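Chemist: Provided herewith is a single structure, encoded as C-alpha cells, for subsequent inquiry.
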Amino acid sequence: MDGLWGGTAVRVCAILTLALALLALVLRGWPSAALPGLRRALVLQSGGAAQPPGGGCGRTLSLTPPDQREDIADILESMGAKTGAELGVQRGIFAEQVLARWRGCTQYHLVDVWAHQQINYQVGSNVDDKTHNEYLEETKARMAKFPAAVFHRMYTSDAAKLIPDGSLDFVYVDARHDYCGSRQDLELYWPKLRPGGLLAGHDFARAADGPKGGNWSLCADGTVNPGAVRGAVEDFVRGKGLDVVATLRDRWPSYMIMKPLC
C-alpha cells in the first residue's frame, strides 16, 4: 500500500509541476495591467486558434467599459498607444483631458472645420463663424503644452486623405451627429487604425435622446434617420461582426470598438 501511495504521490507532484510550468508560460504570454479609473482591466484573450510565430491572429481584444470618457486615456497609456485623431474638437476640452493623462502620445490630429455649416446641421454646436474662430484660438491655447497636437482645419473627409491607413492607435469621433455623417466618419477612419487600435466616439444615442433644440436625425443631404450616432455605430459593428461598449457614468455616453488584430 505504501508503495502504491508513494507512486501516486510522485505522479501527482509531476502533474502539478507541469501545470505550474504551463501556467507560467501563459502568464508570460498574456500580460494584463491594472488601469486607474477602470472597474476592470483591459485584457487580451485567446480566440482559441493556434498562434503563428510572433503573431496574434488567434487573439481577440476584449474591453470592459470605463466610467467616463476621460478614462479612455488610461486605456491608451496601458496599451502603449502613440498616435491618435479627434474628429470634432470644438474648444479642445476633451483633447486636453486625454493628452494630460496619455503621456505616451507622440502625435494627436485635431480635425475640425471650425466654421458655421449652412446646410442641414441643426445642432447647438453649429455656432457662427466668429464663435468658431474663438473656439479655435481657445483650443490652440489648450494645446500649447502638448507638442503632439497637429491641427487640421477642414472637414473630416478631407483630413482622412492626409492620414495614412494603419497609422493611428486611436480615433475619437465627435463631429456630425446625424446617422449619415457618423457612419461616414466610421467608414473613413476605420482603415486609419492599426490592428488592435481603439475607435471611440461621443454621444452614443439616438435622435430622440439628443439635446433639446437639436435635430440629430437630419443628414446633410436632407434625408432623415432617427438612429443618429447610435444607429450608425450599431449598423457599423453589426456589419463587421464586432462588439461595442459604452462608458458607464457619462451623461452622454462614449462608445468604444477595438479593431481585431487580424
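The chains in the C-alpha cells are called A, B, ... from first to last as shown; in each chain the residues are counted from 1, and the ligands are counted from 1 in the order shown.
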Can you check which parts of stretch 166-202 of chain A lie within 9 Å of stretch 112-129 of chain A? Per residue, the shortest pair of atoms and distance in Å to one decimal, counting only C-alpha atoms, sorted by chain and number, as CSV.
Modeler:
```
residue,atom,partner,partner_atom,distance
A:Ala175,CA,A:Asp112,CA,7.6
A:Arg176,CA,A:Tyr121,CA,8.1
A:His177,CA,A:Val123,CA,8.7
A:Asp178,CA,A:Tyr121,CA,8.6
```
Chemist: For the residues in the current selection, export all heavy atoms as a JSON list (two decimals), in the first residue's frame.
Modeler:
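New file part_12.json:
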```json
[["chain", "number", "residue", "atom", "x", "y", "z"],
["A", 175, "ALA", "N", -17.85, 64.55, -34.48],
["A", 175, "ALA", "CA", -18.15, 65.59, -35.47],
["A", 175, "ALA", "C", -19.67, 65.65, -35.68],
["A", 175, "ALA", "O", -20.41, 65.87, -34.73],
["A", 175, "ALA", "CB", -17.39, 65.30, -36.76],
["A", 176, "ARG", "N", -20.14, 65.43, -36.89],
["A", 176, "ARG", "CA", -21.59, 65.44, -37.12],
["A", 176, "ARG", "C", -22.23, 64.29, -36.35],
["A", 176, "ARG", "O", -21.67, 63.21, -36.23],
["A", 176, "ARG", "CB", -21.90, 65.32, -38.61],
["A", 176, "ARG", "CG", -21.61, 66.58, -39.41],
["A", 176, "ARG", "CD", -22.16, 66.46, -40.83],
["A", 176, "ARG", "NE", -23.61, 66.43, -40.85],
["A", 176, "ARG", "CZ", -24.39, 67.44, -41.24],
["A", 176, "ARG", "NH1", -23.85, 68.57, -41.64],
["A", 176, "ARG", "NH2", -25.70, 67.33, -41.25],
["A", 177, "HIS", "N", -23.46, 64.54, -35.86],
["A", 177, "HIS", "CA", -24.15, 63.56, -35.04],
["A", 177, "HIS", "C", -25.33, 62.90, -35.75],
["A", 177, "HIS", "O", -26.04, 62.09, -35.15],
["A", 177, "HIS", "CB", -24.63, 64.20, -33.73],
["A", 177, "HIS", "CG", -23.53, 64.41, -32.74],
["A", 177, "HIS", "ND1", -22.30, 64.90, -33.09],
["A", 177, "HIS", "CD2", -23.47, 64.17, -31.40],
["A", 177, "HIS", "CE1", -21.53, 64.98, -32.01],
["A", 177, "HIS", "NE2", -22.21, 64.53, -30.97],
["A", 178, "ASP", "N", -25.56, 63.26, -37.00],
["A", 178, "ASP", "CA", -26.59, 62.56, -37.76],
["A", 178, "ASP", "C", -26.05, 61.20, -38.21],
["A", 178, "ASP", "O", -24.84, 60.95, -38.20],
["A", 178, "ASP", "CB", -27.01, 63.39, -38.98],
["A", 178, "ASP", "CG", -25.84, 63.73, -39.89],
["A", 178, "ASP", "OD1", -25.18, 64.76, -39.66],
["A", 178, "ASP", "OD2", -25.55, 62.95, -40.81]]
```
Chemist: Residues within 8 Å of stretch 188-192 of chain A, please, as a PyMOL selection string. Count only C-alpha atoms; anything in the same chain fewer than 6 positions from it doesn't count.
Modeler: chain A and resi 157+160+163-168+171+199
Chemist: So which residues of stretch 54-98 of chain A fall under alpha helix (DSSP H) by DSSP, listed as a PyMOL selection string?
Modeler: chain A and resi 72-79+93-98
Chemist: For the residues in that selection, give me N, CA and C atoms as a short mmCIF file (atom, residue, chain, number, x, y, z; two decimals), in the first residue's frame.
Modeler:
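Saved to result-v3.cif:
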```cif
data_model
loop_
_atom_site.label_atom_id
_atom_site.label_comp_id
_atom_site.auth_asym_id
_atom_site.auth_seq_id
_atom_site.Cartn_x
_atom_site.Cartn_y
_atom_site.Cartn_z
N ILE A 72 -10.55 56.86 -21.01
CA ILE A 72 -10.01 56.23 -22.22
C ILE A 72 -8.50 56.47 -22.30
N ALA A 73 -8.05 57.61 -21.79
CA ALA A 73 -6.62 57.92 -21.81
C ALA A 73 -5.81 56.85 -21.07
N ASP A 74 -6.36 56.31 -19.99
CA ASP A 74 -5.66 55.29 -19.23
C ASP A 74 -5.55 53.99 -20.03
N ILE A 75 -6.59 53.69 -20.80
CA ILE A 75 -6.54 52.52 -21.68
C ILE A 75 -5.44 52.69 -22.71
N LEU A 76 -5.39 53.86 -23.33
CA LEU A 76 -4.39 54.12 -24.37
C LEU A 76 -2.97 54.05 -23.80
N GLU A 77 -2.79 54.60 -22.62
CA GLU A 77 -1.47 54.57 -21.99
C GLU A 77 -1.06 53.14 -21.69
N SER A 78 -1.99 52.34 -21.19
CA SER A 78 -1.69 50.95 -20.87
C SER A 78 -1.39 50.13 -22.12
N MET A 79 -2.07 50.46 -23.23
CA MET A 79 -1.84 49.76 -24.49
C MET A 79 -0.49 50.09 -25.11
N ILE A 93 -11.51 70.79 -25.13
CA ILE A 93 -11.59 70.35 -23.73
C ILE A 93 -11.25 68.86 -23.59
N PHE A 94 -11.87 68.02 -24.42
CA PHE A 94 -11.60 66.58 -24.32
C PHE A 94 -10.16 66.28 -24.74
N ALA A 95 -9.67 66.95 -25.77
CA ALA A 95 -8.29 66.74 -26.20
C ALA A 95 -7.32 67.02 -25.06
N GLU A 96 -7.56 68.08 -24.32
CA GLU A 96 -6.70 68.42 -23.19
C GLU A 96 -6.78 67.35 -22.11
N GLN A 97 -7.98 66.88 -21.82
CA GLN A 97 -8.14 65.85 -20.80
C GLN A 97 -7.40 64.57 -21.17
N VAL A 98 -7.52 64.18 -22.43
CA VAL A 98 -6.88 62.94 -22.88
C VAL A 98 -5.36 63.06 -22.87
#
```
Chemist: Considering only C-alpha atoms, can you say which of A:Asp158, A:Asp235, A:Asp209, A:Glu134 comes closest to A:Tyr179?
Modeler: A:Asp235
Chemist: Could you tell me which of A:Leu186, A:Leu110, A:Leu218, A:Leu198 comes closest to A:Met256 if we count only C-alpha atoms?
Modeler: A:Leu198
Chemist: Residues within 12 Å of A:Val224, please, as a PDB file with C-alpha atoms, in the first residue's frame. Count only C-alpha atoms; anything in the same chain fewer than 2 positions from it doesn't count.
Modeler:
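Final file, part-v8.pdb:
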```pdb
ATOM      1  CA  ASN A 120     -28.933  70.811 -42.712  1.00  0.00           C
ATOM      2  CA  TYR A 121     -26.959  70.995 -39.486  1.00  0.00           C
ATOM      3  CA  ASP A 178     -26.587  62.557 -37.764  1.00  0.00           C
ATOM      4  CA  TYR A 179     -26.583  58.956 -38.977  1.00  0.00           C
ATOM      5  CA  CYS A 180     -25.024  59.745 -42.361  1.00  0.00           C
ATOM      6  CA  GLY A 181     -22.162  61.874 -41.049  1.00  0.00           C
ATOM      7  CA  ALA A 207     -32.014  61.334 -32.258  1.00  0.00           C
ATOM      8  CA  ASN A 215     -32.062  67.576 -34.737  1.00  0.00           C
ATOM      9  CA  TRP A 216     -29.680  64.630 -34.933  1.00  0.00           C
ATOM     10  CA  SER A 217     -31.979  62.807 -37.348  1.00  0.00           C
ATOM     11  CA  LEU A 218     -31.326  65.218 -40.247  1.00  0.00           C
ATOM     12  CA  CYS A 219     -28.490  64.274 -42.606  1.00  0.00           C
ATOM     13  CA  ALA A 220     -26.570  66.795 -44.708  1.00  0.00           C
ATOM     14  CA  ASP A 221     -28.301  65.542 -47.867  1.00  0.00           C
ATOM     15  CA  GLY A 222     -31.734  66.213 -46.348  1.00  0.00           C
ATOM     16  CA  PRO A 226     -33.666  58.633 -36.324  1.00  0.00           C
ATOM     17  CA  GLY A 227     -30.796  56.278 -35.475  1.00  0.00           C
ATOM     18  CA  ALA A 228     -28.291  59.162 -35.346  1.00  0.00           C
TER      19      ALA A 228
END
```
Chemist: Among stretch 108-227 of chain A, which ones does DSSP assign to strand (DSSP E or B) (computed from the backbone)? Answer as an MDAnalysis selection string.
Modeler: chainID A and resid 108:111 149:152 168:173 193:201 218 224
Chemist: Generate a file of the selected residues that holds N, CA and C atoms, formatted as a compact mmCIF listing (two decimals), in the first residue's frame.
Modeler:
```txt
# COMPACT_ATOMS: atom_id res chain seq x y z
N TYR A 108 -1.15 63.68 -32.22
CA TYR A 108 -2.59 63.72 -32.00
C TYR A 108 -3.19 64.71 -32.99
N HIS A 109 -3.93 64.18 -33.97
CA HIS A 109 -4.54 65.00 -35.01
C HIS A 109 -5.85 65.60 -34.50
N LEU A 110 -5.97 66.91 -34.59
CA LEU A 110 -7.19 67.62 -34.19
C LEU A 110 -7.90 68.09 -35.46
N VAL A 111 -9.04 67.47 -35.75
CA VAL A 111 -9.73 67.72 -37.01
C VAL A 111 -11.07 68.40 -36.74
N ALA A 149 0.17 67.71 -30.61
CA ALA A 149 -1.02 68.22 -31.29
C ALA A 149 -0.71 68.69 -32.71
N VAL A 150 -1.53 68.23 -33.66
CA VAL A 150 -1.43 68.64 -35.06
C VAL A 150 -2.82 69.10 -35.51
N PHE A 151 -2.93 70.33 -36.00
CA PHE A 151 -4.22 70.89 -36.36
C PHE A 151 -4.55 70.67 -37.83
N HIS A 152 -5.83 70.32 -38.08
CA HIS A 152 -6.35 70.19 -39.44
C HIS A 152 -7.69 70.94 -39.47
N LEU A 168 -2.76 55.01 -37.05
CA LEU A 168 -3.29 55.51 -35.79
C LEU A 168 -3.58 54.37 -34.81
N ASP A 169 -3.40 54.66 -33.53
CA ASP A 169 -3.78 53.74 -32.47
C ASP A 169 -5.16 54.07 -31.90
N PHE A 170 -5.63 55.29 -32.16
CA PHE A 170 -6.86 55.77 -31.53
C PHE A 170 -7.53 56.79 -32.43
N VAL A 171 -8.85 56.66 -32.56
CA VAL A 171 -9.67 57.67 -33.23
C VAL A 171 -10.88 57.95 -32.36
N TYR A 172 -11.17 59.24 -32.14
CA TYR A 172 -12.35 59.63 -31.37
C TYR A 172 -13.24 60.48 -32.26
N VAL A 173 -14.47 60.01 -32.48
CA VAL A 173 -15.40 60.63 -33.42
C VAL A 173 -16.42 61.48 -32.65
N LEU A 193 -6.85 53.04 -38.50
CA LEU A 193 -6.41 52.37 -37.27
C LEU A 193 -5.50 51.19 -37.57
N ARG A 194 -4.49 51.03 -36.73
CA ARG A 194 -3.70 49.81 -36.75
C ARG A 194 -4.51 48.66 -36.16
N PRO A 195 -4.20 47.41 -36.50
CA PRO A 195 -4.83 46.29 -35.80
C PRO A 195 -4.61 46.40 -34.30
N GLY A 196 -5.67 46.20 -33.53
CA GLY A 196 -5.60 46.35 -32.09
C GLY A 196 -5.86 47.77 -31.62
N GLY A 197 -6.14 48.69 -32.56
CA GLY A 197 -6.41 50.07 -32.21
C GLY A 197 -7.82 50.26 -31.66
N LEU A 198 -8.07 51.44 -31.13
CA LEU A 198 -9.35 51.75 -30.48
C LEU A 198 -10.08 52.84 -31.24
N LEU A 199 -11.30 52.53 -31.68
CA LEU A 199 -12.20 53.51 -32.29
C LEU A 199 -13.27 53.86 -31.26
N ALA A 200 -13.41 55.13 -30.96
CA ALA A 200 -14.37 55.56 -29.96
C ALA A 200 -15.08 56.82 -30.46
N GLY A 201 -16.12 57.21 -29.75
CA GLY A 201 -16.84 58.41 -30.16
C GLY A 201 -17.83 58.84 -29.10
N LEU A 218 -31.42 64.60 -38.93
CA LEU A 218 -31.33 65.22 -40.25
C LEU A 218 -29.92 65.11 -40.81
N VAL A 224 -33.60 61.73 -43.58
CA VAL A 224 -33.83 61.65 -42.14
C VAL A 224 -33.62 60.21 -41.67
```
Chemist: For the atom pair atom CA of A:Asp203 and atom CA of A:Leu136, what is the interatomic distance in Å to one decimal place?
Modeler: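 Separating atom CA of A:Asp203 from atom CA of A:Leu136 is a distance of 21.6 Å.
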Chemist: Between A:Ala208, A:Leu87, A:Leu63, A:Leu162, which one has atoms that come closest to A:Asp243, using only C-alpha atoms?
Modeler: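 Ranked by minimum distance to A:Asp243, first place goes to A:Leu63.
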Chemist: Can you measure atom CA of A:Met154 to atom CA of A:Val233 for me? One decimal in Å is fine.
Modeler: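 Rounded to one decimal, the two atoms are 23.1 Å apart.
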